[in-house]
Structures are given as C-alpha cells and as structure tokens.
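This is data30.pdb (PDB, C-alpha atoms).
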```
ATOM      1  CA  MET A   1     193.501 104.314 155.840
ATOM      2  CA  THR A   2     194.884 107.356 154.030
ATOM      3  CA  PRO A   3     198.639 107.052 153.343
ATOM      4  CA  LEU A   4     201.229 108.941 155.389
ATOM      5  CA  ASN A   5     204.256 110.656 153.917
ATOM      6  CA  SER A   6     207.606 109.435 155.219
ATOM      7  CA  ASN A   7     211.061 108.342 154.187
ATOM      8  CA  THR A   8     211.793 106.835 157.600
ATOM      9  CA  THR A   9     214.064 103.772 157.543
ATOM     10  CA  PRO A  10     212.628 100.898 159.624
ATOM     11  CA  ARG A  11     214.794  99.774 162.533
ATOM     12  CA  ARG A  12     216.762  96.530 162.334
ATOM     13  CA  LEU A  13     215.796  93.588 164.524
ATOM     14  CA  THR A  14     218.081  92.742 167.429
ATOM     15  CA  ARG A  15     219.734  89.318 167.536
ATOM     16  CA  HIS A  16     217.267  88.281 170.258
ATOM     17  CA  GLU A  17     214.300  89.364 168.118
ATOM     18  CA  GLN A  18     215.670  87.508 165.114
ATOM     19  CA  GLN A  19     215.763  84.322 167.149
ATOM     20  CA  ASP A  20     212.186  84.790 168.334
ATOM     21  CA  THR A  21     210.731  85.740 164.938
ATOM     22  CA  PRO A  22     209.561  82.805 162.733
ATOM     23  CA  ARG A  23     211.237  82.644 159.316
ATOM     24  CA  MET A  24     208.814  83.451 156.508
ATOM     25  CA  PHE A  25     210.881  82.235 153.566
ATOM     26  CA  GLN A  26     214.344  80.828 152.869
ATOM     27  CA  LEU A  27     215.865  84.261 152.354
ATOM     28  CA  SER A  28     218.978  86.178 153.160
ATOM     29  CA  ARG A  29     218.957  88.113 156.424
ATOM     30  CA  ARG A  30     218.820  91.441 154.563
ATOM     31  CA  THR A  31     215.821  90.391 152.468
ATOM     32  CA  PHE A  32     214.086  88.915 155.511
ATOM     33  CA  LEU A  33     214.415  92.180 157.404
ATOM     34  CA  THR A  34     212.923  94.012 154.440
ATOM     35  CA  LEU A  35     209.890  91.731 154.272
ATOM     36  CA  THR A  36     209.180  91.902 157.992
ATOM     37  CA  GLY A  37     209.671  95.645 158.099
ATOM     38  CA  GLY A  38     211.730  95.083 161.234
ATOM     39  CA  LEU A  39     208.666  95.669 163.392
ATOM     40  CA  THR A  40     208.344  93.131 166.182
ATOM     41  CA  LEU A  41     207.527  94.961 169.380
ATOM     42  CA  THR A  42     206.855  93.745 172.899
ATOM     43  CA  ALA A  43     204.920  95.668 175.540
ATOM     44  CA  THR A  44     204.234  93.143 178.268
ATOM     45  CA  THR A  45     205.232  92.626 181.871
ATOM     46  CA  GLY A  46     204.473  88.939 182.052
ATOM     47  CA  THR A  47     203.275  85.820 180.324
ATOM     48  CA  ARG A  48     199.740  84.702 179.576
ATOM     49  CA  ALA A  49     199.726  82.721 182.815
ATOM     50  CA  ALA A  50     200.386  85.912 184.799
ATOM     51  CA  ILE A  51     197.133  87.553 183.702
ATOM     52  CA  PRO A  52     194.481  87.228 186.436
ATOM     53  CA  ASP A  53     191.308  85.197 185.895
ATOM     54  CA  ARG A  54     192.331  83.699 182.534
ATOM     55  CA  PRO A  55     191.311  80.020 182.509
ATOM     56  CA  PRO A  56     193.297  77.157 180.964
ATOM     57  CA  LEU A  57     192.885  76.904 177.217
ATOM     58  CA  ARG A  58     190.240  74.568 175.868
ATOM     59  CA  ALA A  59     191.491  72.069 173.287
ATOM     60  CA  HIS A  60     190.784  72.706 169.592
ATOM     61  CA  GLU A  61     191.613  71.247 166.191
ATOM     62  CA  PRO A  62     194.539  72.726 164.241
ATOM     63  CA  PHE A  63     193.810  74.635 161.028
ATOM     64  CA  THR A  64     195.054  77.380 158.714
ATOM     65  CA  PHE A  65     193.336  80.541 157.513
ATOM     66  CA  LEU A  66     194.385  83.517 155.393
ATOM     67  CA  PHE A  67     194.287  87.120 156.576
ATOM     68  CA  ILE A  68     193.941  89.253 153.444
ATOM     69  CA  THR A  69     193.566  92.949 154.107
ATOM     70  CA  ASP A  70     193.633  96.367 152.443
ATOM     71  CA  THR A  71     193.154  95.296 148.837
ATOM     72  CA  HIS A  72     192.145  98.857 147.880
ATOM     73  CA  LEU A  73     190.857  97.633 144.539
ATOM     74  CA  GLN A  74     190.643 100.244 141.793
ATOM     75  CA  PRO A  75     191.073 100.232 138.010
ATOM     76  CA  GLU A  76     194.121 102.523 138.202
ATOM     77  CA  LEU A  77     197.768 101.600 138.939
ATOM     78  CA  ASN A  78     197.260  98.031 137.675
ATOM     79  CA  ALA A  79     195.518  97.241 140.962
ATOM     80  CA  THR A  80     193.032  94.819 139.417
ATOM     81  CA  ALA A  81     195.825  92.680 137.996
ATOM     82  CA  GLY A  82     197.610  92.900 141.350
ATOM     83  CA  CYS A  83     194.590  91.636 143.257
ATOM     84  CA  HIS A  84     194.100  88.899 140.694
ATOM     85  CA  SER A  85     197.694  87.732 141.236
ATOM     86  CA  ALA A  86     197.349  87.869 145.018
ATOM     87  CA  PHE A  87     194.091  85.930 145.023
ATOM     88  CA  THR A  88     195.433  83.351 142.583
ATOM     89  CA  LYS A  89     198.409  82.702 144.859
ATOM     90  CA  ALA A  90     196.199  82.663 147.951
ATOM     91  CA  ARG A  91     193.868  79.992 146.634
ATOM     92  CA  ALA A  92     196.832  77.661 146.067
ATOM     93  CA  ILE A  93     197.659  77.682 149.796
ATOM     94  CA  PRO A  94     195.820  75.001 151.790
ATOM     95  CA  ALA A  95     193.518  76.947 154.099
ATOM     96  CA  ASP A  96     190.037  76.492 155.519
ATOM     97  CA  PHE A  97     188.890  80.066 154.783
ATOM     98  CA  ALA A  98     190.013  83.664 154.392
ATOM     99  CA  ILE A  99     189.278  86.769 156.435
ATOM    100  CA  GLN A 100     189.222  90.046 154.527
ATOM    101  CA  GLY A 101     190.501  92.664 156.964
ATOM    102  CA  GLY A 102     188.799  95.678 155.396
ATOM    103  CA  ASP A 103     189.336  98.413 152.822
ATOM    104  CA  HIS A 104     188.118  96.252 149.983
ATOM    105  CA  VAL A 105     188.063  99.180 147.540
ATOM    106  CA  PHE A 106     189.809 102.505 147.037
ATOM    107  CA  ASP A 107     187.666 104.212 147.813
ATOM    108  CA  ALA A 108     184.001 104.858 148.450
ATOM    109  CA  LEU A 109     184.323 107.694 150.980
ATOM    110  CA  GLY A 110     184.458 110.633 148.603
ATOM    111  CA  VAL A 111     183.296 109.458 145.178
ATOM    112  CA  SER A 112     180.045 109.454 143.268
ATOM    113  CA  ALA A 113     177.502 106.665 143.546
ATOM    114  CA  SER A 114     178.377 105.412 140.072
ATOM    115  CA  ARG A 115     182.100 105.213 140.913
ATOM    116  CA  ALA A 116     181.398 103.467 144.226
ATOM    117  CA  THR A 117     179.137 100.938 142.509
ATOM    118  CA  MET A 118     181.774 100.238 139.861
ATOM    119  CA  LEU A 119     184.458  99.685 142.497
ATOM    120  CA  MET A 120     182.379  97.196 144.451
ATOM    121  CA  GLU A 121     181.411  95.250 141.345
ATOM    122  CA  LEU A 122     185.068  95.172 140.327
ATOM    123  CA  TYR A 123     186.029  93.841 143.744
ATOM    124  CA  LYS A 124     183.393  91.113 143.732
ATOM    125  CA  HIS A 125     184.363  89.991 140.239
ATOM    126  CA  THR A 126     188.072  89.883 141.106
ATOM    127  CA  ALA A 127     187.490  88.164 144.454
ATOM    128  CA  ASP A 128     185.943  85.212 142.634
ATOM    129  CA  ASP A 129     189.576  84.194 142.056
ATOM    130  CA  LEU A 130     189.889  83.285 145.742
ATOM    131  CA  THR A 131     187.523  80.268 145.585
ATOM    132  CA  LEU A 132     187.565  80.166 149.398
ATOM    133  CA  PRO A 133     184.900  80.985 151.972
ATOM    134  CA  VAL A 134     185.550  84.595 153.023
ATOM    135  CA  HIS A 135     184.567  86.462 156.203
ATOM    136  CA  HIS A 136     184.529  90.230 155.680
ATOM    137  CA  THR A 137     185.568  93.111 157.935
ATOM    138  CA  ILE A 138     184.470  96.693 157.299
ATOM    139  CA  GLY A 139     187.240  99.224 156.603
ATOM    140  CA  ASN A 140     187.055 102.997 156.516
ATOM    141  CA  HIS A 141     187.272 103.083 152.709
ATOM    142  CA  ASP A 142     184.286 100.722 152.562
ATOM    143  CA  LEU A 143     181.893 103.521 153.555
ATOM    144  CA  PHE A 144     180.048 105.364 150.808
ATOM    145  CA  GLY A 145     179.575 109.094 150.556
ATOM    146  CA  ILE A 146     180.797 110.174 153.986
ATOM    147  CA  TYR A 147     182.984 112.939 152.564
ATOM    148  CA  THR A 148     180.927 115.856 151.283
ATOM    149  CA  LYS A 149     182.909 115.939 148.024
ATOM    150  CA  SER A 150     181.084 112.723 147.067
ATOM    151  CA  GLY A 151     177.896 114.718 146.536
ATOM    152  CA  ALA A 152     176.000 112.026 148.456
ATOM    153  CA  GLN A 153     173.391 112.755 151.079
ATOM    154  CA  PRO A 154     172.751 110.808 154.309
ATOM    155  CA  THR A 155     169.386 109.891 152.829
ATOM    156  CA  ASP A 156     171.002 107.959 149.958
ATOM    157  CA  PRO A 157     170.092 104.254 150.242
ATOM    158  CA  PHE A 158     173.709 103.055 150.426
ATOM    159  CA  TYR A 159     175.102 105.972 152.433
ATOM    160  CA  GLY A 160     177.807 105.172 154.959
ATOM    161  CA  LYS A 161     177.984 101.602 156.173
ATOM    162  CA  LYS A 162     174.942 100.495 154.192
ATOM    163  CA  TYR A 163     177.266 100.255 151.194
ATOM    164  CA  PHE A 164     179.237  97.518 152.981
ATOM    165  CA  GLU A 165     176.187  95.835 154.486
ATOM    166  CA  ASP A 166     174.496  95.521 151.112
ATOM    167  CA  SER A 167     177.487  93.627 149.722
ATOM    168  CA  PHE A 168     178.786  91.628 152.673
ATOM    169  CA  GLY A 169     176.223  91.589 155.472
ATOM    170  CA  ARG A 170     176.697  92.280 159.164
ATOM    171  CA  LEU A 171     179.063  94.961 160.444
ATOM    172  CA  TYR A 172     180.181  92.911 163.451
ATOM    173  CA  TYR A 173     179.587  89.267 164.233
ATOM    174  CA  SER A 174     181.191  86.062 165.456
ATOM    175  CA  PHE A 175     181.565  82.481 164.292
ATOM    176  CA  ASP A 176     183.194  79.254 165.422
ATOM    177  CA  HIS A 177     185.666  77.045 163.609
ATOM    178  CA  LYS A 178     187.180  73.803 164.900
ATOM    179  CA  GLY A 179     186.904  74.866 168.525
ATOM    180  CA  VAL A 180     188.125  78.442 168.063
ATOM    181  CA  HIS A 181     185.783  81.420 168.417
ATOM    182  CA  PHE A 182     186.260  84.278 165.926
ATOM    183  CA  VAL A 183     185.032  87.828 166.516
ATOM    184  CA  ILE A 184     184.868  90.356 163.667
ATOM    185  CA  LEU A 185     184.578  93.967 164.847
ATOM    186  CA  ASP A 186     183.411  97.211 163.242
ATOM    187  CA  SER A 187     186.100  99.715 164.240
ATOM    188  CA  ILE A 188     184.857 102.652 162.133
ATOM    189  CA  GLY A 189     183.174 105.577 163.854
ATOM    190  CA  ILE A 190     181.429 108.158 161.659
ATOM    191  CA  THR A 191     181.942 111.665 163.035
ATOM    192  CA  GLY A 192     179.465 114.523 163.053
ATOM    193  CA  ASP A 193     181.456 116.480 160.479
ATOM    194  CA  ARG A 194     181.251 113.648 157.937
ATOM    195  CA  SER A 195     184.619 112.067 158.516
ATOM    196  CA  TYR A 196     185.708 108.955 160.434
ATOM    197  CA  GLU A 197     187.692 107.883 163.479
ATOM    198  CA  GLY A 198     188.739 104.604 165.012
ATOM    199  CA  ARG A 199     186.044 103.702 167.543
ATOM    200  CA  ILE A 200     184.071 100.733 168.874
ATOM    201  CA  ASP A 201     180.671 102.092 169.893
ATOM    202  CA  ALA A 202     178.850 101.298 173.131
ATOM    203  CA  PRO A 203     176.253  98.839 171.698
ATOM    204  CA  GLN A 204     179.059  96.855 170.072
ATOM    205  CA  ILE A 205     181.087  96.782 173.304
ATOM    206  CA  ALA A 206     178.050  95.412 175.140
ATOM    207  CA  TRP A 207     177.549  92.816 172.402
ATOM    208  CA  LEU A 208     181.241  91.849 172.558
ATOM    209  CA  ALA A 209     181.166  91.387 176.339
ATOM    210  CA  ASN A 210     178.077  89.178 176.077
ATOM    211  CA  ASP A 211     179.465  87.222 173.132
ATOM    212  CA  LEU A 212     182.710  86.418 174.944
ATOM    213  CA  ALA A 213     180.904  85.563 178.173
ATOM    214  CA  ALA A 214     178.705  83.070 176.313
ATOM    215  CA  GLN A 215     181.659  80.923 175.227
ATOM    216  CA  PRO A 216     182.594  77.730 177.100
ATOM    217  CA  THR A 217     185.284  78.337 179.691
ATOM    218  CA  GLY A 218     188.764  78.375 178.167
ATOM    219  CA  THR A 219     187.642  78.720 174.543
ATOM    220  CA  PRO A 220     190.453  80.166 172.373
ATOM    221  CA  VAL A 221     189.372  83.422 170.730
ATOM    222  CA  ILE A 222     190.676  85.281 167.672
ATOM    223  CA  VAL A 223     189.589  88.888 167.116
ATOM    224  CA  VAL A 224     189.699  90.850 163.851
ATOM    225  CA  THR A 225     189.507  94.630 163.510
ATOM    226  CA  HIS A 226     190.355  96.912 160.608
ATOM    227  CA  ILE A 227     191.631  99.924 162.539
ATOM    228  CA  PRO A 228     194.160  98.608 165.100
ATOM    229  CA  LEU A 229     193.384  98.330 168.779
ATOM    230  CA  VAL A 230     197.114  98.318 169.616
ATOM    231  CA  THR A 231     199.810  99.759 167.344
ATOM    232  CA  ALA A 232     203.017 101.768 167.548
ATOM    233  CA  VAL A 233     202.595 103.307 164.093
ATOM    234  CA  GLU A 234     202.359 106.863 165.412
ATOM    235  CA  THR A 235     205.824 106.545 166.969
ATOM    236  CA  TYR A 236     207.697 105.637 163.777
ATOM    237  CA  ALA A 237     205.536 106.971 160.918
ATOM    238  CA  ALA A 238     205.942 110.599 159.936
ATOM    239  CA  PRO A 239     202.743 112.642 160.230
ATOM    240  CA  PRO A 240     200.711 113.208 157.069
ATOM    241  CA  ALA A 241     201.232 116.358 155.041
ATOM    242  CA  THR A 242     197.757 117.476 156.116
ATOM    243  CA  PRO A 243     197.140 116.928 159.856
ATOM    244  CA  LEU A 244     194.444 114.368 160.612
ATOM    245  CA  LYS A 245     191.211 115.868 161.921
ATOM    246  CA  HIS A 246     190.308 112.809 163.959
ATOM    247  CA  HIS A 247     191.933 109.914 165.803
ATOM    248  CA  SER A 248     192.006 107.572 162.833
ATOM    249  CA  LEU A 249     195.226 105.513 163.067
ATOM    250  CA  SER A 250     194.010 103.401 165.982
ATOM    251  CA  VAL A 251     190.840 102.819 167.986
ATOM    252  CA  ILE A 252     190.474 105.800 170.297
ATOM    253  CA  ASN A 253     188.621 103.865 172.995
ATOM    254  CA  ALA A 254     190.696 100.684 172.880
ATOM    255  CA  TYR A 255     191.099 101.024 176.656
ATOM    256  CA  GLU A 256     187.442  99.956 176.915
ATOM    257  CA  ILE A 257     188.029  96.819 174.833
ATOM    258  CA  LEU A 258     191.359  95.430 176.031
ATOM    259  CA  PRO A 259     190.261  94.626 179.619
ATOM    260  CA  LEU A 260     187.638  92.259 178.194
ATOM    261  CA  PHE A 261     190.437  90.202 176.670
ATOM    262  CA  ASP A 262     192.124  89.770 180.071
ATOM    263  CA  ARG A 263     189.201  87.602 181.188
ATOM    264  CA  HIS A 264     189.176  85.358 178.120
ATOM    265  CA  ASN A 265     191.665  83.326 176.122
ATOM    266  CA  VAL A 266     192.263  85.701 173.238
ATOM    267  CA  ILE A 267     195.122  84.067 171.324
ATOM    268  CA  GLY A 268     195.423  86.710 168.600
ATOM    269  CA  VAL A 269     194.058  90.034 167.365
ATOM    270  CA  PHE A 270     194.462  90.606 163.618
ATOM    271  CA  GLN A 271     194.462  94.197 162.347
ATOM    272  CA  GLY A 272     194.706  96.090 159.058
ATOM    273  CA  HIS A 273     194.644  99.771 158.082
ATOM    274  CA  THR A 274     198.317 100.773 158.416
ATOM    275  CA  HIS A 275     199.693  98.531 155.605
ATOM    276  CA  ILE A 276     202.590  97.519 157.863
ATOM    277  CA  LEU A 277     203.719  94.221 159.345
ATOM    278  CA  GLU A 278     203.734  94.723 163.081
ATOM    279  CA  ARG A 279     203.284  92.644 166.212
ATOM    280  CA  ILE A 280     202.867  93.977 169.734
ATOM    281  CA  ASP A 281     202.286  91.679 172.724
ATOM    282  CA  TRP A 282     200.170  93.174 175.490
ATOM    283  CA  HIS A 283     198.970  91.152 178.492
ATOM    284  CA  GLY A 284     199.897  87.975 176.685
ATOM    285  CA  VAL A 285     197.819  88.789 173.591
ATOM    286  CA  PRO A 286     199.588  89.263 170.225
ATOM    287  CA  TYR A 287     198.221  92.215 168.245
ATOM    288  CA  ILE A 288     199.254  91.441 164.669
ATOM    289  CA  THR A 289     198.930  93.972 161.864
ATOM    290  CA  GLY A 290     198.899  92.109 158.581
ATOM    291  CA  GLY A 291     200.470  94.276 155.879
ATOM    292  CA  ALA A 292     198.404  94.961 152.744
ATOM    293  CA  VAL A 293     197.661  93.370 149.406
ATOM    294  CA  SER A 294     198.093  96.878 147.963
ATOM    295  CA  GLY A 295     201.387  97.577 149.749
ATOM    296  CA  ASN A 296     201.945 101.328 149.691
ATOM    297  CA  TRP A 297     198.555 101.907 148.026
ATOM    298  CA  TRP A 298     199.867 100.244 144.832
ATOM    299  CA  HIS A 299     203.012 102.412 144.932
ATOM    300  CA  GLY A 300     205.486  99.809 146.215
ATOM    301  CA  THR A 301     206.603  98.993 149.754
ATOM    302  CA  ARG A 302     205.234 100.507 152.944
ATOM    303  CA  TYR A 303     207.967 100.849 155.601
ATOM    304  CA  GLY A 304     209.635  97.799 154.111
ATOM    305  CA  THR A 305     206.396  95.803 153.840
ATOM    306  CA  PRO A 306     205.699  94.758 150.236
ATOM    307  CA  GLU A 307     202.376  93.809 148.703
ATOM    308  CA  GLY A 308     201.116  90.573 150.254
ATOM    309  CA  PHE A 309     198.873  88.725 152.668
ATOM    310  CA  MET A 310     199.227  86.642 155.818
ATOM    311  CA  VAL A 311     198.971  82.882 156.324
ATOM    312  CA  VAL A 312     197.921  81.970 159.874
ATOM    313  CA  ASP A 313     198.413  78.527 161.402
ATOM    314  CA  VAL A 314     196.343  77.912 164.531
ATOM    315  CA  ALA A 315     197.394  75.019 166.768
ATOM    316  CA  ASN A 316     197.667  74.291 170.493
ATOM    317  CA  GLY A 317     196.183  77.636 171.446
ATOM    318  CA  THR A 318     198.704  79.725 169.524
ATOM    319  CA  VAL A 319     198.853  81.526 166.188
ATOM    320  CA  LYS A 320     201.891  81.412 163.897
ATOM    321  CA  THR A 321     202.040  83.688 160.873
ATOM    322  CA  ARG A 322     204.007  84.113 157.688
ATOM    323  CA  TYR A 323     203.724  86.831 155.073
ATOM    324  CA  GLU A 324     203.337  85.836 151.439
ATOM    325  CA  THR A 325     204.255  88.245 148.663
ATOM    326  CA  TYR A 326     203.188  87.719 145.073
ATOM    327  CA  GLY A 327     205.665  89.622 142.907
ATOM    328  CA  PHE A 328     203.690  92.773 142.120
ATOM    329  CA  GLN A 329     205.625  95.524 140.345
ATOM    330  CA  SER A 330     204.201  99.008 140.767
ATOM    331  CA  THR A 331     203.721 101.134 137.676
ATOM    332  CA  ASP A 332     204.429 104.215 139.814
ATOM    333  CA  PRO A 333     206.728 103.204 142.687
ATOM    334  CA  HIS A 334     207.064 105.406 145.752
ATOM    335  CA  ASN A 335     208.560 103.106 148.355
ATOM    336  CA  THR A 336     208.760 104.058 152.021
TER     337      THR A 336
END
```
What would you get if you wrote out this structure as structure tokens?
Amino acid sequence: MTPLNSNTTPRRLTRHEQQDTPRMFQLSRRTFLTLTGGLTLTATTGTRAAIPDRPPLRAHEPFTFLFITDTHLQPELNATAGCHSAFTKARAIPADFAIQGGDHVFDALGVSASRATMLMELYKHTADDLTLPVHHTIGNHDLFGIYTKSGAQPTDPFYGKKYFEDSFGRLYYSFDHKGVHFVILDSIGITGDRSYEGRIDAPQIAWLANDLAAQPTGTPVIVVTHIPLVTAVETYAAPPATPLKHHSLSVINAYEILPLFDRHNVIGVFQGHTHILERIDWHGVPYITGGAVSGNWWHGTRYGTPEGFMVVDVANGTVKTRYETYGFQSTDPHNT
C-alpha cells in the first residue's frame, strides 16, 4: 500500500471494548491504547450460531503461528536493521510457522530491474533470521515493473506477478495444519493502465469455492489476504494528497467472496496493506488487520500502531491475537 497523509487522532476504546479486548502486554492503559490504535470495530447482527447453514466446528489441535506483514524491506531508513530485529524477536516466540502477509519489499512496482532484484535478494537474506517455515502472500509492492516509470515492458521475464512467483511460488493456494485449513489469496488486480486495485479474479473465486467445498464438514478455516476484504480505513484515514486512481484500499469485489464464508467455518481472516491494527466482526467472522513490521513505512507509528507483528493462538475454533513490537526507532519519524 502507498501511505496516506493524516494527522487524525485514533478514537479511544469504550469501557465495554476494553473489557472485550485481550491485553497484549502488562502496560498502562494509555500505552495499551496507543499500541492497539484504538481500532476494535463490530459490524454484526448476531453470533456465529445465527448464520444459516454453518455446521458445528470440527475439532482440531491447538497451535500458534505468526502473522508478519508489510516488511517493506529497503536499504534506506535503517529498514534492513529493523527487519533483522523483528525477525530475531519473532524466532524466539514458540510458533509452528509464520505467514508473510505481503509487501515483502519497498518496492518493485516502479523501479528498474536491477533495483527490484537487489530488493528481493536483500529480503531473502534478511528473512533467513526467521528460521521458521514461512507461507507467503503476494502484496501490491511485490509486483515488478507495473508502473511505466520502471522502464519495464510486459514482455520482461519477471514482469508483474512473475517477480513474486519466481521467489515464492504460487499466487494463491491452501494448506492444512493440525486440523485447520488455511487459504492464502492473491488480492492484487493489475489494471489496464498499468496500476493496481484490490480484486479477487473470477478463476480464483471459482478455485476458492471448490477448495472450501472439498473440506470435511465443520473444518475450521483461516484466510489470508494482503489487501483487506473488510476494513473501515476509508472512514478514519484522511485521503492521500494525490487521489487514488483505483479502488486500492480494499478488495472491490469482496461482496463476491464474503458469502462463501457464511457456508463454512471461517474462524479468522488476516489482512495487511493498511499498516493498522484493526478488527471488524462480520457474520461471526473476525477480519483482523495485522499492523506492519515497517510501521508508518519506517517513519514511526501509523495511527497509533508501531512497528511490529502479530502472534496468533488457535484453539477450540477461535483465534486470539497479540501484537509484538520490537523497539525500532525511526531515523526520520513522521508519526500519525
């Protein structure tokens, strides 16, 4: 995602929300509100049991994974050292694996082939610090040469999503872990004018429907997408200085995806892109946006969310999260 310009102060949690929000650290109330960004939203008219045709949850083993998103690795702004610190802290947390939520580098959209190659090699070298199995999600900044200023042509061998595929493999896929089914989506649509939007294309929707239908009845499902399916960011974030050409802050056709979740036991959707901690419950499904390793693109806090990553505990058909910071100090702070 490209950063927005704003000095908006995040709202404070109500007493009811404070009681319902898990504590992340042993902190003062003021510091806790800063780390959460004060963004716990609910948009639901009932509980999971009220959703039609959703079967009872199938039993699974408990486990922990890390959701590490929006690293935006680059040699500038001390970002490499920041990622190194984040990954070093992450590997010390007992977890079965990590999911990278997209935007590995900053960025491949509008730079030369040599710069894009350098960024990816830098990311891979730094990510060795994780020493965990990692499942990767494509982000918009993980596309090469889409912007014309890159000088790249669509005929270049690593143009567009091939840049990501060459390094990490499939654009969308699924896997199983201890009785839970994970789905990793490609939420990036390339537009005809060489830009991007949030979109899940028709072949992927068909694949998703078939993939979910193939699971044993009641299987708990966790979905990952870079660009959010559900977010309120456009209601509290000031618009960018230059108006966006395309619908890029959320998935424009999310209305085609969400009804699929009503028929299956989706226990969590993890999202990146906005660099904000946010949770919205819709039809009993928590849509959780996981902050960013890079914070405000290596310039400090983003709407009160500092640089960090998410620890996710999965047990009894529910997900519980906490946000871990790692003490990064920006060399050029511009907090929002």
message = Would you pick out the contacts of A:Thr331 at 12 Å or less, using all atoms listed in the file, so that residues sharing its chain but fewer than 3 positions from it are not included, and give the list as JSON, numbers by chain?
response = {"A": [76, 77, 78, 79, 81, 82, 297, 298, 299, 300, 328, 334, 335]}
query = If the PyMOL selection byres ((chain A and resi 66) around 10) is run on the structure shown, which residues does it catch, given as a list of chain:residue names?
reply = A:Thr64, A:Phe65, A:Phe67, A:Ile68, A:Thr69, A:Ala90, A:Arg91, A:Ile93, A:Pro94, A:Ala95, A:Asp96, A:Phe97, A:Ala98, A:Ile99, A:Gln100, A:Leu132, A:Val134, A:Phe309, A:Met310, A:Val311, A:Val312, A:Asp313, A:Thr321, A:Arg322, A:Tyr323
message = With the PyMOL selection byres ((chain A and resi 140) around 7) as the selection, what would be picked from this file? Answer as number ranges by chain, please.
response = A: 1, 103, 138-139, 141-143, 188
request  = Specify as a ChimeraX atom specification each residue included when the PyMOL selection byres ((chain A and resi 327) around 10) is applied to this file.
outcome  = /A:82,85-86,306-308,324-326,328-330
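Compared by their closest atoms to A:Lys320, and using all atoms listed in the file, the residues A:Pro154, A:Pro259, A:Pro62, A:Pro133 rank with A:Pro62 nearest.
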Padding of 5 Å on every side, edges along x, y and z, all listed atoms of stretch 293-299 of chain A included: what centre and edge lengths in Å, to one decimal, does that box have, as AutoDock Vina command-line options?
```
--center_x 200.3 --center_y 97.9 --center_z 147.3 --size_x 15.4 --size_y 19.0 --size_z 14.9
```
task = Kindly indicate which residue among A:Asn253, A:Thr126, A:Ser114, A:Gln74 lies nearest to A:Thr88, using all atoms listed in the file for the distances.
result = A:Thr126
Surrounding residues of stretch 198-214 of chain A excluding itself and chain neighbours under 3 positions, 8 Å, all atoms listed in the file, as a PDB file with C-alpha atoms, in the frame of the given file:
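So around39.pdb came out as:
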```
ATOM      1  CA  TYR A 172     180.181  92.911 163.451  1.00  0.00           C
ATOM      2  CA  SER A 174     181.191  86.062 165.456  1.00  0.00           C
ATOM      3  CA  LEU A 185     184.578  93.967 164.847  1.00  0.00           C
ATOM      4  CA  ASP A 186     183.411  97.211 163.242  1.00  0.00           C
ATOM      5  CA  SER A 187     186.100  99.715 164.240  1.00  0.00           C
ATOM      6  CA  ILE A 188     184.857 102.652 162.133  1.00  0.00           C
ATOM      7  CA  GLY A 189     183.174 105.577 163.854  1.00  0.00           C
ATOM      8  CA  ILE A 227     191.631  99.924 162.539  1.00  0.00           C
ATOM      9  CA  HIS A 247     191.933 109.914 165.803  1.00  0.00           C
ATOM     10  CA  SER A 248     192.006 107.572 162.833  1.00  0.00           C
ATOM     11  CA  LEU A 249     195.226 105.513 163.067  1.00  0.00           C
ATOM     12  CA  SER A 250     194.010 103.401 165.982  1.00  0.00           C
ATOM     13  CA  VAL A 251     190.840 102.819 167.986  1.00  0.00           C
ATOM     14  CA  ILE A 252     190.474 105.800 170.297  1.00  0.00           C
ATOM     15  CA  ASN A 253     188.621 103.865 172.995  1.00  0.00           C
ATOM     16  CA  ALA A 254     190.696 100.684 172.880  1.00  0.00           C
ATOM     17  CA  GLU A 256     187.442  99.956 176.915  1.00  0.00           C
ATOM     18  CA  ILE A 257     188.029  96.819 174.833  1.00  0.00           C
ATOM     19  CA  LEU A 260     187.638  92.259 178.194  1.00  0.00           C
ATOM     20  CA  HIS A 264     189.176  85.358 178.120  1.00  0.00           C
TER      21      HIS A 264
END
```
message = Can you tell me which residues surround A:Asp193 at a distance of at most 12 Å, considering all atoms listed in the file, apart from same-chain residues fewer than 4 positions away, and format the answer as a list in words?
response = Ile146, Tyr147, Thr148, Gly189, Glu197, Lys245 and His246 of chain A
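Taking only C-alpha atoms into account, A:Pro216 lies nearest to A:His181 out of the set A:His104, A:Arg194, A:His181, A:Lys161.
If you look at atom CA of A:Gly145 and atom CA of A:Thr191, they are 13.0 Å away from each other.
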